[in-house]
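Student: Next up, target-v3.txt (compact mmCIF, C-alpha atoms).
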```txt
# COMPACT_ATOMS: atom_id res chain seq x y z
CA MET H 1 0.00 0.00 0.00
CA ALA H 2 2.76 2.40 0.98
CA SER H 3 4.75 1.53 -2.14
CA GLN H 4 1.65 2.10 -4.31
CA GLN H 5 1.22 5.53 -2.74
CA MET H 6 4.89 6.27 -3.35
CA ALA H 7 4.48 5.26 -7.01
CA LEU H 8 1.63 7.74 -7.42
CA LEU H 9 3.57 10.62 -5.88
CA LYS H 10 5.14 13.01 -8.34
CA LYS H 11 8.05 15.32 -7.86
CA ARG H 12 9.24 18.19 -10.00
CA THR H 13 12.95 18.23 -10.86
CA THR H 14 15.37 19.57 -13.42
CA LEU H 15 17.35 17.15 -15.58
CA THR H 16 19.90 17.52 -18.33
CA LEU H 17 19.02 15.08 -21.13
CA PRO H 18 20.52 14.40 -24.55
CA SER H 19 18.76 16.64 -27.04
CA ASP H 20 18.09 13.87 -29.58
CA ALA H 21 16.49 11.63 -26.93
CA LEU H 22 14.43 14.58 -25.73
CA LEU H 23 13.32 15.33 -29.30
CA GLN H 24 12.24 11.69 -29.79
CA ALA H 25 10.34 11.75 -26.51
CA GLN H 26 8.60 14.99 -27.51
CA GLN H 27 7.63 13.50 -30.90
CA LEU H 28 6.23 10.44 -29.13
CA ALA H 29 4.30 12.64 -26.72
CA ASP H 30 2.85 14.68 -29.60
CA ALA H 31 1.83 11.54 -31.49
CA ARG H 32 0.07 10.14 -28.43
CA HIS H 33 -1.42 13.48 -27.31
CA VAL H 34 0.16 13.25 -23.87
CA ASN H 35 2.66 15.56 -22.22
CA LEU H 36 6.43 15.11 -22.26
CA SER H 37 6.55 14.23 -18.55
CA THR H 38 4.30 11.22 -19.15
CA VAL H 39 6.55 9.82 -21.87
CA VAL H 40 9.75 10.43 -19.90
CA ALA H 41 8.21 8.77 -16.82
CA GLU H 42 7.15 5.71 -18.85
CA VAL H 43 10.54 5.34 -20.51
CA MET H 44 12.33 5.74 -17.19
CA THR H 45 10.11 3.15 -15.49
CA ALA H 46 10.69 0.66 -18.33
CA GLY H 47 14.45 1.27 -18.17
CA LEU H 48 14.53 0.76 -14.41
CA GLN H 49 12.57 -2.51 -14.76
CA LEU H 50 15.03 -3.71 -17.39
CA GLU H 51 17.95 -2.83 -15.12
CA ALA H 52 16.36 -4.71 -12.20
CA ALA H 53 15.78 -7.75 -14.45
CA LYS H 54 19.45 -7.65 -15.54
CA GLN H 55 20.63 -7.59 -11.94
CA ARG H 56 18.25 -10.41 -11.00
CA SER H 57 19.39 -12.50 -13.96
CA ALA H 58 23.08 -11.96 -13.06
CA GLN H 59 22.37 -13.11 -9.49
CA VAL H 60 20.50 -16.21 -10.67
CA LEU H 61 23.29 -17.16 -13.06
CA GLU H 62 25.91 -16.68 -10.35
CA ASN H 63 23.99 -19.00 -8.01
CA TYR H 64 23.49 -21.46 -10.87
CA ARG H 65 27.25 -21.54 -11.49
CA LYS H 66 27.99 -22.07 -7.78
CA ALA H 67 25.39 -24.85 -7.56
CA PHE H 68 27.25 -27.05 -10.06
CA GLU H 69 30.91 -26.00 -9.99
CA GLY H 70 33.71 -28.17 -8.64
CA PHE H 71 31.96 -31.52 -8.95
CA THR H 72 33.36 -34.54 -10.80
CA ASP H 73 31.39 -36.16 -13.66
CA ASP H 74 30.22 -38.96 -11.35
CA GLU H 75 29.09 -36.42 -8.74
CA LEU H 76 27.27 -34.39 -11.39
CA ALA H 77 25.49 -37.57 -12.50
CA ILE H 78 24.28 -38.04 -8.92
CA LEU H 79 23.09 -34.42 -8.85
CA ASP H 80 21.14 -35.22 -12.03
CA GLY H 81 19.40 -38.10 -10.27
CA VAL H 82 21.59 -40.87 -11.70
CA ILE H 83 22.68 -42.82 -8.64
CA LEU H 84 25.87 -44.68 -9.53
CA GLU H 85 27.34 -47.26 -7.17
CA PRO H 86 30.81 -48.84 -7.42
CA VAL H 87 30.78 -52.11 -9.33
CA GLY H 88 32.29 -55.11 -7.53
CA PRO H 89 35.00 -57.26 -9.15
CA GLU H 90 33.74 -59.66 -11.87
CA ARG H 91 33.63 -63.30 -10.83
CA GLY H 92 34.93 -65.78 -13.36
CA MET L 93 17.29 -20.72 -32.19
CA ILE L 94 14.54 -20.50 -29.59
CA ASP L 95 13.49 -16.90 -28.94
CA PRO L 96 14.28 -16.42 -25.21
CA ALA L 97 11.51 -13.85 -24.81
CA ALA L 98 8.82 -15.87 -26.60
CA SER L 99 7.31 -17.89 -23.76
CA PRO L 100 8.23 -19.31 -20.36
CA LEU L 101 9.82 -22.75 -20.52
CA MET L 102 10.05 -25.61 -18.04
CA PHE L 103 13.55 -26.97 -17.51
CA ASP L 104 14.07 -30.69 -16.83
CA THR L 105 16.70 -31.85 -14.33
CA SER L 106 19.05 -32.81 -17.19
CA ALA L 107 18.61 -29.37 -18.79
CA GLU L 108 19.46 -27.41 -15.65
CA SER L 109 22.84 -29.04 -15.27
CA TRP L 110 23.57 -28.93 -19.02
CA LEU L 111 23.00 -25.17 -18.98
CA ALA L 112 25.16 -24.70 -15.90
CA ARG L 113 28.01 -26.78 -17.35
CA THR L 114 27.90 -25.48 -20.89
CA ALA L 115 30.22 -22.54 -21.05
CA GLY L 116 30.20 -20.15 -23.96
CA PRO L 117 28.99 -16.68 -24.78
CA GLU L 118 25.99 -17.84 -26.85
CA ILE L 119 24.33 -19.83 -24.11
CA SER L 120 25.17 -17.21 -21.47
CA ARG L 121 23.61 -14.52 -23.64
CA TRP L 122 20.54 -16.69 -24.25
CA LEU L 123 20.11 -17.30 -20.50
CA GLN L 124 20.51 -13.60 -19.70
CA ASP L 125 17.90 -12.69 -22.31
CA TYR L 126 15.56 -15.41 -21.02
CA LEU L 127 15.94 -14.34 -17.38
CA ALA L 128 15.36 -10.69 -18.28
CA VAL L 129 11.79 -11.64 -19.22
CA HIS L 130 10.97 -14.94 -17.48
CA ARG L 131 11.96 -16.93 -14.44
CA PHE L 132 13.30 -20.49 -14.42
CA SER L 133 10.43 -22.96 -14.07
CA VAL L 134 11.07 -26.50 -12.87
CA SER L 135 8.97 -29.38 -11.60
CA ALA L 136 8.93 -30.05 -7.87
CA ILE L 137 10.31 -33.49 -8.85
CA THR L 138 13.44 -31.84 -10.27
CA VAL L 139 13.98 -30.21 -6.88
CA THR L 140 13.55 -33.63 -5.24
CA GLU L 141 16.09 -35.27 -7.58
CA ARG L 142 18.58 -32.47 -7.09
CA ILE L 143 18.29 -32.28 -3.31
CA ARG L 144 18.56 -36.07 -3.07
CA GLY L 145 21.78 -35.75 -5.08
CA TYR L 146 23.25 -33.09 -2.79
CA SER L 147 22.19 -35.11 0.25
CA LEU L 148 23.82 -38.30 -1.03
CA LEU L 149 27.06 -36.47 -1.86
CA TRP L 150 27.05 -34.82 1.57
CA ARG L 151 26.66 -38.17 3.31
CA ARG L 152 29.40 -39.80 1.25
CA ALA L 153 31.83 -36.87 1.61
CA GLU L 154 34.64 -36.48 4.08
CA PRO L 155 33.72 -33.97 6.84
CA GLU L 156 36.02 -31.28 5.39
CA ALA L 157 34.28 -31.50 1.98
CA ARG L 158 30.77 -31.18 3.33
CA GLN L 159 30.72 -27.38 3.57
CA ARG L 160 31.41 -27.07 -0.19
CA ILE L 161 28.46 -29.36 -0.95
CA GLU L 162 26.20 -27.45 1.43
CA THR L 163 27.23 -24.14 -0.21
CA ALA L 164 26.34 -25.57 -3.63
CA ARG L 165 23.00 -26.82 -2.31
CA ILE L 166 22.13 -23.39 -0.89
CA ALA L 167 23.17 -21.72 -4.17
CA TYR L 168 20.86 -24.12 -6.01
CA LEU L 169 17.94 -23.32 -3.71
CA ASN L 170 18.61 -19.57 -4.00
CA GLN L 171 18.37 -19.59 -7.80
CA LEU L 172 15.06 -21.50 -7.90
CA GLY L 173 12.38 -19.58 -9.75
CA ILE L 174 8.95 -21.10 -10.21
CA VAL L 175 8.53 -24.64 -8.84
CA LEU L 176 5.54 -26.30 -10.48
CA PRO L 177 3.71 -28.57 -8.03
CA VAL L 178 2.64 -32.19 -8.39
CA ASN L 179 -1.08 -31.61 -8.03
CA THR L 180 -4.10 -33.79 -8.83
CA ALA L 181 -3.97 -33.10 -12.57
CA VAL L 182 -0.25 -33.92 -12.74
CA ALA L 183 -0.80 -37.10 -10.70
CA VAL L 184 -3.57 -38.27 -13.05
CA VAL L 185 -1.56 -37.57 -16.20
CA ALA L 186 1.57 -39.19 -14.75
CA GLY L 187 -0.46 -42.32 -13.93
CA GLU L 188 -1.62 -42.52 -17.55
CA ILE L 189 1.94 -42.11 -18.84
CA MET L 190 3.24 -44.79 -16.47
CA THR L 191 0.68 -47.26 -17.82
CA LEU L 192 1.53 -46.49 -21.44
CA VAL L 193 5.30 -46.82 -21.00
CA PRO L 194 5.95 -48.81 -17.83
CA GLU L 195 9.54 -49.78 -18.64
CA PRO L 196 12.38 -47.29 -19.19
CA PRO L 197 13.41 -47.10 -22.87
CA THR L 198 17.13 -47.27 -22.10
CA PRO L 199 19.14 -49.53 -19.77
CA PRO L 200 20.66 -48.42 -16.44
CA ARG L 201 23.58 -46.00 -16.78
CA ARG L 202 27.04 -47.54 -16.43
CA THR L 203 30.67 -46.37 -16.42
CA HIS L 204 33.83 -48.50 -16.22
CA SER L 205 33.71 -48.49 -12.42
CA HIS L 206 30.16 -47.53 -11.47
CA ALA L 207 26.66 -48.67 -12.37
CA GLU L 208 23.08 -47.62 -11.74
CA SER L 209 20.90 -50.33 -10.19
CA ARG L 210 17.77 -51.48 -12.01
CA GLN L 211 15.73 -50.13 -9.10
CA ASP L 212 17.32 -46.67 -9.35
CA ARG L 213 16.86 -46.65 -13.13
CA LEU L 214 13.17 -47.39 -12.69
CA SER L 215 12.72 -44.66 -10.07
CA ARG L 216 14.53 -42.17 -12.36
CA TRP L 217 12.17 -43.20 -15.16
CA ARG L 218 9.17 -42.62 -12.89
CA PHE L 219 10.54 -39.18 -11.97
CA ASP L 220 10.90 -38.33 -15.68
CA GLN L 221 7.30 -39.36 -16.27
CA VAL L 222 6.02 -37.06 -13.51
CA ILE L 223 8.19 -34.22 -14.85
CA ALA L 224 6.74 -34.73 -18.36
CA ALA L 225 3.23 -34.79 -16.87
CA THR L 226 3.96 -31.48 -15.11
CA ALA L 227 5.00 -29.82 -18.39
CA LEU L 228 1.95 -31.24 -20.15
CA VAL L 229 -0.48 -29.96 -17.50
CA ALA L 230 1.25 -26.56 -17.36
CA ALA L 231 1.14 -26.44 -21.19
CA MET L 232 4.77 -25.35 -21.17
CA PRO L 233 7.45 -26.46 -23.64
CA MET L 234 10.05 -28.51 -21.78
CA VAL L 235 13.79 -28.03 -22.26
CA HIS L 236 15.72 -31.27 -21.73
CA ASN L 237 18.98 -33.06 -22.38
CA ASN L 238 17.52 -36.56 -22.28
CA ALA L 239 16.02 -37.27 -25.68
CA ALA L 240 15.77 -41.05 -25.31
CA ASP L 241 13.47 -40.89 -22.30
CA PHE L 242 11.34 -37.88 -23.16
CA GLU L 243 10.82 -38.75 -26.84
CA ALA L 244 9.43 -42.12 -25.71
CA ILE L 245 6.96 -40.32 -23.45
CA ARG L 246 6.02 -37.80 -26.15
CA SER L 247 5.37 -40.60 -28.68
CA ALA L 248 3.22 -42.53 -26.21
CA ILE L 249 1.08 -39.45 -25.54
CA GLU L 250 0.69 -38.85 -29.28
CA ARG L 251 -0.44 -42.44 -29.82
CA SER L 252 -3.14 -42.24 -27.13
CA PRO L 253 -4.62 -38.73 -27.27
CA GLU L 254 -7.93 -40.04 -25.88
CA ARG L 255 -6.20 -40.58 -22.51
CA PHE L 256 -5.11 -36.91 -22.37
CA PRO L 257 -8.22 -34.90 -23.28
CA GLY L 258 -7.53 -31.20 -23.72
CA LEU L 259 -3.81 -31.69 -23.23
CA GLY L 260 -0.79 -32.00 -25.42
CA PRO L 261 1.13 -32.50 -27.46
CA LEU L 262 4.15 -32.62 -25.18
CA GLU L 263 6.46 -29.99 -26.65
CA LEU L 264 10.13 -30.84 -26.21
CA ILE L 265 13.17 -28.64 -26.84
CA ARG L 266 16.67 -30.11 -26.73
CA CYS L 267 19.18 -27.92 -24.89
CA THR L 268 21.44 -27.80 -27.93
CA LEU L 269 18.66 -26.22 -29.99
CA LEU L 270 18.25 -23.22 -27.69
CA THR L 271 20.96 -21.23 -29.44
CA GLN L 272 21.29 -23.18 -32.69
CA SER L 273 20.49 -21.33 -35.91
CA ALA L 274 17.83 -22.89 -38.15
```
Could you write out this file's structure as structure tokens?

Tutor:
Amino acid sequence: MASQQMALLKKRTTLTLPSDALLQAQQLADARHVNLSTVVAEVMTAGLQLEAAKQRSAQVLENYRKAFEGFTDDELAILDGVILEPVGPERG
Amino acid sequence: MIDPAASPLMFDTSAESWLARTAGPEISRWLQDYLAVHRFSVSAITVTERIRGYSLLWRRAEPEARQRIETARIAYLNQLGIVLPVNTAVAVVAGEIMTLVPEPPTPPRRTHSHAESRQDRLSRWRFDQVIAATALVAAMPMVHNNAADFEAIRSAIERSPERFPGLGPLELIRCTLLTQSA
């Protein structure tokens, strides 16, 4: 609830943005009949979500690597559910 | 190549470890792109197989090696995404699959010094059948590195569609095809 309220809060600020990106954002705003702030807010939210996904994916892959590193082939087979037992000497 | 953003996929036990062991920029890139949009989905049975593996290794290990195994086990649990449950629907479908293909299609695994018992091979086959049933019920393509077992299950389902109303086909994706160009 608190985070939803935070998301709805707006704050005025001054930013320095690349002019070509700003021009594209303004063109998008004009085409959609919304103001520039709306487009910038949407783009920023999408970018932040992408950044969070990247960080999450890096963390998952790091854990994935740790989960399987340093094991021998026989040990990895056991981790895959293949339970291998030593074979006794053949009897002639 | 499978589009990583296209749809969520379920990863079989064999696929998880293949992905973790397969180094290379292509597969890393594919995984990063997939995880940017989706989470890893696995069957609860895959978690059972994996944790049994860590537990067996821990019990067999010398005391000084146990911490390394425990660290790996915790890392595995920390990366888990969506764990699909074995619910009533999965249990029913798995029962049908087990009747259609009661015997494993390949013999027990064997190396020069180690062998899998017939009993363990059968339990692994049963696990695979429940995993396939989970993917079928979830209507998710399943990524695997075990063509012999899962193709046998897929064929059996195709031959008896009347036993799987409203389900199927079982869609399988081999790990090697994830990044392979058409």

Student: Nearest to chain H among L:Trp217, L:Tyr146, L:Phe256, L:Phe242, with distances taken over all atoms listed in the file: which residue is it?

Tutor: L:Tyr146

Student: List as a PyMOL selection string the protein and nucleic acid residues near H:Asn63, meaning an atom at most 12 Å away when only C-alpha atoms are counted, but skip any in the same chain fewer than 5 places from it.

Tutor: (chain H and resi 56-58+68-69) or (chain L and resi 112+163-173)

Student: Counting all atoms listed in the file, which residues of chain H come no farther than 6 Å from chain L, as a PDB file with C-alpha atoms, in the coordinates of the input?

Tutor:
```
ATOM      1  CA  ALA H  53      15.780  -7.750 -14.450  1.00  0.00           C
ATOM      2  CA  LYS H  54      19.450  -7.650 -15.540  1.00  0.00           C
ATOM      3  CA  SER H  57      19.390 -12.500 -13.960  1.00  0.00           C
ATOM      4  CA  VAL H  60      20.500 -16.210 -10.670  1.00  0.00           C
ATOM      5  CA  ASN H  63      23.990 -19.000  -8.010  1.00  0.00           C
ATOM      6  CA  ARG H  65      27.250 -21.540 -11.490  1.00  0.00           C
ATOM      7  CA  LYS H  66      27.990 -22.070  -7.780  1.00  0.00           C
ATOM      8  CA  ALA H  67      25.390 -24.850  -7.560  1.00  0.00           C
ATOM      9  CA  ILE H  78      24.280 -38.040  -8.920  1.00  0.00           C
ATOM     10  CA  LEU H  79      23.090 -34.420  -8.850  1.00  0.00           C
ATOM     11  CA  GLY H  81      19.400 -38.100 -10.270  1.00  0.00           C
ATOM     12  CA  ILE H  83      22.680 -42.820  -8.640  1.00  0.00           C
ATOM     13  CA  LEU H  84      25.870 -44.680  -9.530  1.00  0.00           C
ATOM     14  CA  GLU H  85      27.340 -47.260  -7.170  1.00  0.00           C
ATOM     15  CA  PRO H  86      30.810 -48.840  -7.420  1.00  0.00           C
ATOM     16  CA  VAL H  87      30.780 -52.110  -9.330  1.00  0.00           C
TER      17      VAL H  87
END
```

Student: Give as a VMD selection string each residue that has an atom at most 8 Å from (11.2, -33.3, -23.1) in the file, counting only C-alpha atoms.

Tutor: chain L and resid 104 224 233 to 239 241 to 243 246 262 to 266

Student: Report the distance between atom CA of H:Val39 and atom CA of H:Gln24 in Å, rounded to one decimal place.

Tutor: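 Computed distance, atom CA of H:Val39 to atom CA of H:Gln24, equals 9.9 Å.
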
Student: Excluding L:Ala181 and any residue of its chain fewer than 3 positions from it, enumerate the residues within 9 Å of it, using only C-alpha atoms, and give them as a PyMOL selection string.

Tutor: chain L and resi 178+184-186+225-226+229

Student: Would you please work out which residue, of H:Val82, H:Arg12, H:Tyr64, H:Gly70, is nearest to H:Ala41 when using only C-alpha atoms?

Tutor: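 Looking at the shortest contact to H:Ala41, the residue is H:Arg12.
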
Student: What's the separation between atom CA of L:Ile245 and atom CA of L:Ala136, in Å to one decimal place?

Tutor: 18.8 Å

Student: Atom CA of L:Ala153 and atom CA of H:Leu76 are how many Å apart?

Tutor: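 Distance between the two atoms: 14.0 Å.
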
Student: Measuring between only C-alpha atoms, which one of H:Asn35, H:Gly88, H:Phe71, H:Gln55 shows the shortest distance to L:Ala157?

Tutor: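 Result for the nearest residue to L:Ala157: H:Phe71.
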
Student: Near L:Pro253, counting all atoms listed in the file, which residues have an atom at most 12 Å away, once you skip same-chain residues fewer than 5 positions from it, shown as a list of chain:residue names?

Tutor: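 My reading of the contact set: L:Val185, L:Glu188, L:Ile189, L:Leu192, L:Arg246, L:Ser247, L:Ala248, L:Gly258, L:Leu259, L:Gly260, L:Pro261, L:Leu262.
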
Student: Quick one: everything within 10 Å of L:Pro194, counting all atoms listed in the file, minus sequence neighbours fewer than 3 positions away in the same chain. Send it as a short mmCIF file (atom, residue, chain, number, x, y, z; two decimals) with C-alpha atoms, in the frame of the given file.

Tutor:
```cif
data_model
loop_
_atom_site.label_atom_id
_atom_site.label_comp_id
_atom_site.auth_asym_id
_atom_site.auth_seq_id
_atom_site.Cartn_x
_atom_site.Cartn_y
_atom_site.Cartn_z
CA GLY L 187 -0.46 -42.32 -13.93
CA GLU L 188 -1.62 -42.52 -17.55
CA ILE L 189 1.94 -42.11 -18.84
CA MET L 190 3.24 -44.79 -16.47
CA THR L 191 0.68 -47.26 -17.82
CA PRO L 197 13.41 -47.10 -22.87
CA LEU L 214 13.17 -47.39 -12.69
CA TRP L 217 12.17 -43.20 -15.16
CA ARG L 218 9.17 -42.62 -12.89
CA GLN L 221 7.30 -39.36 -16.27
#
```
